[in-house]
2 protein chains.
Amino acid sequence: MTNDDSFPSRLAAAVRARRTPVLVGLDPRLESLPAALRNGAGSEAAAYGEFCRGVIDVVAPLVPAVKPQAAFFEQLGPAGMQALHQVIAYARSRGLLVILDGKRNDIGSTAQGYAEGYLGPPGASAWGCDALTVSPYLGDDSLTPFVETAQARGAGLFVLVKTSNPGGGRFQDLVAEGRPLYRHVAEYVESLAAGTRGQQEYGLVGAVVGATYPAQLAELRQAMPHTWFLIPGYGAQGGTAQDCAAAFDARGTGAIINSSRAIIFAHARPPYKERFGESRWQAAVEAATRDMIDELRAATPAGRL
Amino acid sequence: MTNDDSFPSRLAAAVRARRTPVLVGLDPRLESLPAALRNGAGSEAAAYGEFCRGVIDVVAPLVPAVKPQAAFFEQLGPAGMQALHQVIAYARSRGLLVILDGKRNDIGSTAQGYAEGYLGPPGASAWGCDALTVSPYLGDDSLTPFVETAQARGAGLFVLVKTSNPGGGRFQDLVAEGRPLYRHVAEYVESLAAGTRGQQEYGLVGAVVGATYPAQLAELRQAMPHTWFLIPGYGAQGGTAQDCAAAFDARGTGAIINSSRAIIFAHARPPYKERFGESRWQAAVEAATRDMIDELRAATPAGRL
């Protein structure tokens, strides 16, 4: 594998090609789908598939990557997993990078099973994902199999460091040896990123850091110079473009900013609800995506892309 | 729901009925299957299904519960998930409790998706599990949806507290406010267990605590009087019956002890390999299960069951 085939290189190239770090989260929920899809697709899983393909058709020319949320597909049982598999393949076929949000992990030999199943292109892996989100609680030997498999297959990881939810601090903010737990995790993730970057600026191990904690975001950007950030919490959870500004490097790379509900269900939210309504839900998705791109261009180093 | 329908009550009744706390882990791996299954089932997923049903047929009269490991089924893609669904349903049909080892979690609204999908009987949930393993890194509001859904559906949870792997200590053993992180998680889990126990001794929120750390197991049993323990690490990972003794209450309940590879692949390990060989792999599973039951009876309070 050359450096150009590595996940961090492919991610940087995709962000530069689309001139935006916007990551669209695919979080289908039956009650939020446009009624025509909710009632017309034959099954919930079919509705999720049709809806996600409709979102992908709109955003593929605009953004570098999508992030399917495994939970909502898993909620539907095996049929949902089949729909997830098709959504991943469809996103790839439209030229999007696919970061599966599964927050998986286990002890080493079992982590290997997750890594081999999810990471790498179809043929190399059953699911065909470019990257996967991973939880750090199980420690270093639980992360090693993911790192090694990702490296062998040109894939990437995003490890939970500082999550966007209000209760995330209960354990992540506990102070040990003079700094919070999330800083300990950050140090370990940065060491993995630095160890996998080769001649590139960023390694294949990234970090999930919430937009809802902008001070910590700035602090972690300083502490993790070789780590791509995946930033949830934008939009529906309250994070703003200004809150994300510190996540980027000077060239506007180093961070991707996720929005899920505020984009994919824009048809149900002002101002798009009034402008488009449910029948033109794809136009609402496009407008919300373009507005987020513009907001980040105006208020962050992503304007230099 | 009456207390008798609750997961902790059902688990205690099943442990008493079988007079053992042995939990059989269903961790299929293609390279370890008996050759006849590995080569004859048509697909890897079909081989996993056939193998697990074969294990279940043997252990259903002997043990209270099985623990399918999601990773190995997920590794095969949607076909593996279909096999997992069938294995869960088959185990239920044979009277076993099913604890899915998925180590799932996410922020609150997404955790709700996992909880609704996995917890509760078929009809109430897509997967039909009695309990699910859950990771705590995302904090309290990530656990709440699991607890509420489990309570509504008579299901249970096992939260990672002190895991069995050598690297688990990197974060779990960090000392904050005078005690390690795993003790902070333990305190929160115990509060959830105490809050859901009603008039019973144990609540519906359990803890995963590795047999490979017997001192911590004894310490946590004292600190968590209302919490069922799920103990991995027995057998193949090095934990012994003596190591598990402190996990039980005086009546021999309060803990279930998992063994995966040492039981399901007994045909490939001494002394069962010599006695049975690959062709009689189910007899090897039965002998290994009975031996583990006897070991725990001889060396732990499970002898009082």
# chains A, B, ... in the order shown; residues from 1 in each chain; ligands from 1

$ interface_residues --of "chain A" --to "chain B" --cutoff "7 Å" --atoms "only C-alpha atoms" --output "PyMOL selection string"
chain A and resi 71-72+74-78+81-82+103-105+107+110+113-114+116-117+126-127+137-141+163+165+167-172+174-176

$ write_last_selection --atoms "C-alpha atoms" --output "mmCIF file, in the first residue's frame"
data_model
loop_
_atom_site.group_PDB
_atom_site.id
_atom_site.type_symbol
_atom_site.label_atom_id
_atom_site.label_comp_id
_atom_site.auth_asym_id
_atom_site.auth_seq_id
_atom_site.Cartn_x
_atom_site.Cartn_y
_atom_site.Cartn_z
ATOM 1 C CA ALA A 71 -27.864 1.327 15.700
ATOM 2 C CA PHE A 72 -30.872 2.309 13.599
ATOM 3 C CA GLU A 74 -29.579 -3.031 13.782
ATOM 4 C CA GLN A 75 -32.816 -2.025 15.468
ATOM 5 C CA LEU A 76 -34.673 -3.648 12.554
ATOM 6 C CA GLY A 77 -32.927 -7.006 12.893
ATOM 7 C CA PRO A 78 -31.295 -8.926 10.018
ATOM 8 C CA MET A 81 -28.424 -5.178 8.448
ATOM 9 C CA GLN A 82 -29.078 -6.140 4.843
ATOM 10 C CA LYS A 103 -18.721 2.230 18.384
ATOM 11 C CA ARG A 104 -17.522 -1.369 18.450
ATOM 12 C CA ASN A 105 -14.863 -2.999 20.549
ATOM 13 C CA ILE A 107 -10.937 -7.925 23.854
ATOM 14 C CA THR A 110 -12.687 -10.694 19.304
ATOM 15 C CA GLY A 113 -13.345 -10.215 14.240
ATOM 16 C CA TYR A 114 -14.925 -6.758 14.163
ATOM 17 C CA GLU A 116 -11.772 -7.917 9.717
ATOM 18 C CA GLY A 117 -15.508 -7.723 9.151
ATOM 19 C CA ALA A 126 -17.818 -8.270 4.486
ATOM 20 C CA TRP A 127 -19.109 -4.737 5.103
ATOM 21 C CA TYR A 137 -12.762 1.425 27.513
ATOM 22 C CA LEU A 138 -11.217 -2.028 26.927
ATOM 23 C CA GLY A 139 -7.712 -0.590 26.605
ATOM 24 C CA ASP A 140 -4.713 -0.805 24.342
ATOM 25 C CA ASP A 141 -4.797 -4.479 23.341
ATOM 26 C CA THR A 163 -18.238 12.632 23.264
ATOM 27 C CA ASN A 165 -23.592 14.124 25.024
ATOM 28 C CA GLY A 167 -23.528 12.805 30.405
ATOM 29 C CA GLY A 168 -20.252 12.045 28.651
ATOM 30 C CA GLY A 169 -18.321 13.759 31.401
ATOM 31 C CA ARG A 170 -19.295 11.324 34.157
ATOM 32 C CA PHE A 171 -16.305 9.132 33.378
ATOM 33 C CA GLN A 172 -14.471 11.031 30.608
ATOM 34 C CA LEU A 174 -12.579 12.171 35.916
ATOM 35 C CA VAL A 175 -9.125 13.517 36.744
ATOM 36 C CA ALA A 176 -6.316 10.954 37.089
#

$ residues_around --residues "stretch 19-21 of chain B" --least-positions-apart "5" --cutoff "6 Å" --atoms "only C-alpha atoms" --output "JSON, numbers by chain"
{"B": [256, 257, 305]}

$ residues_around --residues "A:Phe265" --least-positions-apart "6" --cutoff "10 Å" --atoms "only C-alpha atoms" --output "PyMOL selection string"
chain A and resi 27-29+32-34+55+272-273+278+281-282+284-285+288

$ select_by_dssp --residues "stretch 78-199 of chain B" --states "helix (DSSP H, G or I)" --output "PyMOL selection string"
chain B and resi 78-93+108-118+140-153+166-172+181-195

$ atom_distance --atom1 "atom CA of A:Thr253" --atom2 "atom CA of A:Gln200"
12.8 Å

$ closest_residue --among "B:Ala186, B:Ala298, B:Val209, B:Ile88" --to "B:Ala223" --atoms "only C-alpha atoms"
B:Ala186

$ closest_residue --among "B:Ala302, B:Arg280, B:Val98, B:Ala46" --to "B:Ala268" --atoms "only C-alpha atoms"
B:Arg280

$ select_by_dssp --residues "stretch 37-114 of chain B" --states "strand (DSSP E)" --output "VMD selection string"
chain B and resid 65 to 68 97 to 104

$ atom_distance --atom1 "atom CA of B:Arg10" --atom2 "atom CA of B:Leu97"
8.5 Å

$ atom_distance --atom1 "atom CA of A:Val24" --atom2 "atom CA of A:Lys67"
6.1 Å

$ residues_around --residues "B:Arg94" --least-positions-apart "5" --cutoff "12 Å" --atoms "only C-alpha atoms" --output "PyMOL selection string"
chain B and resi 53-66+87-89

$ write_last_selection --atoms "N, CA and C atoms" --output "CSV table (one decimal), in the first residue's frame"
chain,number,residue,atom,x,y,z
B,53,ARG,N,-26.2,-24.4,16.8
B,53,ARG,CA,-27.4,-25.2,17.2
B,53,ARG,C,-26.9,-26.6,17.8
B,54,GLY,N,-25.9,-27.1,17.2
B,54,GLY,CA,-25.3,-28.3,17.8
B,54,GLY,C,-24.8,-28.2,19.2
B,55,VAL,N,-24.2,-27.0,19.5
B,55,VAL,CA,-23.7,-26.7,20.9
B,55,VAL,C,-25.0,-26.6,21.8
B,56,ILE,N,-26.0,-25.8,21.3
B,56,ILE,CA,-27.2,-25.6,22.1
B,56,ILE,C,-27.9,-26.9,22.5
B,57,ASP,N,-28.0,-27.8,21.5
B,57,ASP,CA,-28.6,-29.1,21.8
B,57,ASP,C,-28.0,-29.8,22.9
B,58,VAL,N,-26.6,-29.7,23.0
B,58,VAL,CA,-25.9,-30.3,24.1
B,58,VAL,C,-26.1,-29.6,25.4
B,59,VAL,N,-26.0,-28.3,25.4
B,59,VAL,CA,-25.9,-27.6,26.7
B,59,VAL,C,-27.2,-27.2,27.3
B,60,ALA,N,-28.3,-27.2,26.5
B,60,ALA,CA,-29.6,-26.7,26.9
B,60,ALA,C,-30.1,-27.4,28.2
B,61,PRO,N,-29.9,-28.7,28.3
B,61,PRO,CA,-30.3,-29.3,29.6
B,61,PRO,C,-29.4,-29.1,30.8
B,62,LEU,N,-28.2,-28.5,30.5
B,62,LEU,CA,-27.1,-28.5,31.5
B,62,LEU,C,-26.9,-27.1,32.2
B,63,VAL,N,-27.1,-26.0,31.4
B,63,VAL,CA,-26.8,-24.7,31.8
B,63,VAL,C,-27.9,-23.7,31.7
B,64,PRO,N,-27.9,-22.6,32.4
B,64,PRO,CA,-29.0,-21.6,32.4
B,64,PRO,C,-29.0,-20.7,31.2
B,65,ALA,N,-27.9,-20.5,30.5
B,65,ALA,CA,-27.8,-19.4,29.5
B,65,ALA,C,-26.7,-19.6,28.6
B,66,VAL,N,-26.8,-18.9,27.4
B,66,VAL,CA,-25.7,-18.9,26.4
B,66,VAL,C,-25.4,-17.4,26.1
B,87,VAL,N,-29.8,-18.3,15.7
B,87,VAL,CA,-29.2,-18.9,16.8
B,87,VAL,C,-29.8,-18.4,18.1
B,88,ILE,N,-30.1,-17.1,18.2
B,88,ILE,CA,-30.8,-16.6,19.4
B,88,ILE,C,-32.2,-17.2,19.5
B,89,ALA,N,-32.9,-17.3,18.4
B,89,ALA,CA,-34.3,-17.9,18.5
B,89,ALA,C,-34.2,-19.3,18.9

$ residues_around --residues "stretch 236-250 of chain B" --least-positions-apart "5" --cutoff "6 Å" --atoms "only C-alpha atoms" --output "count of residues only"
10
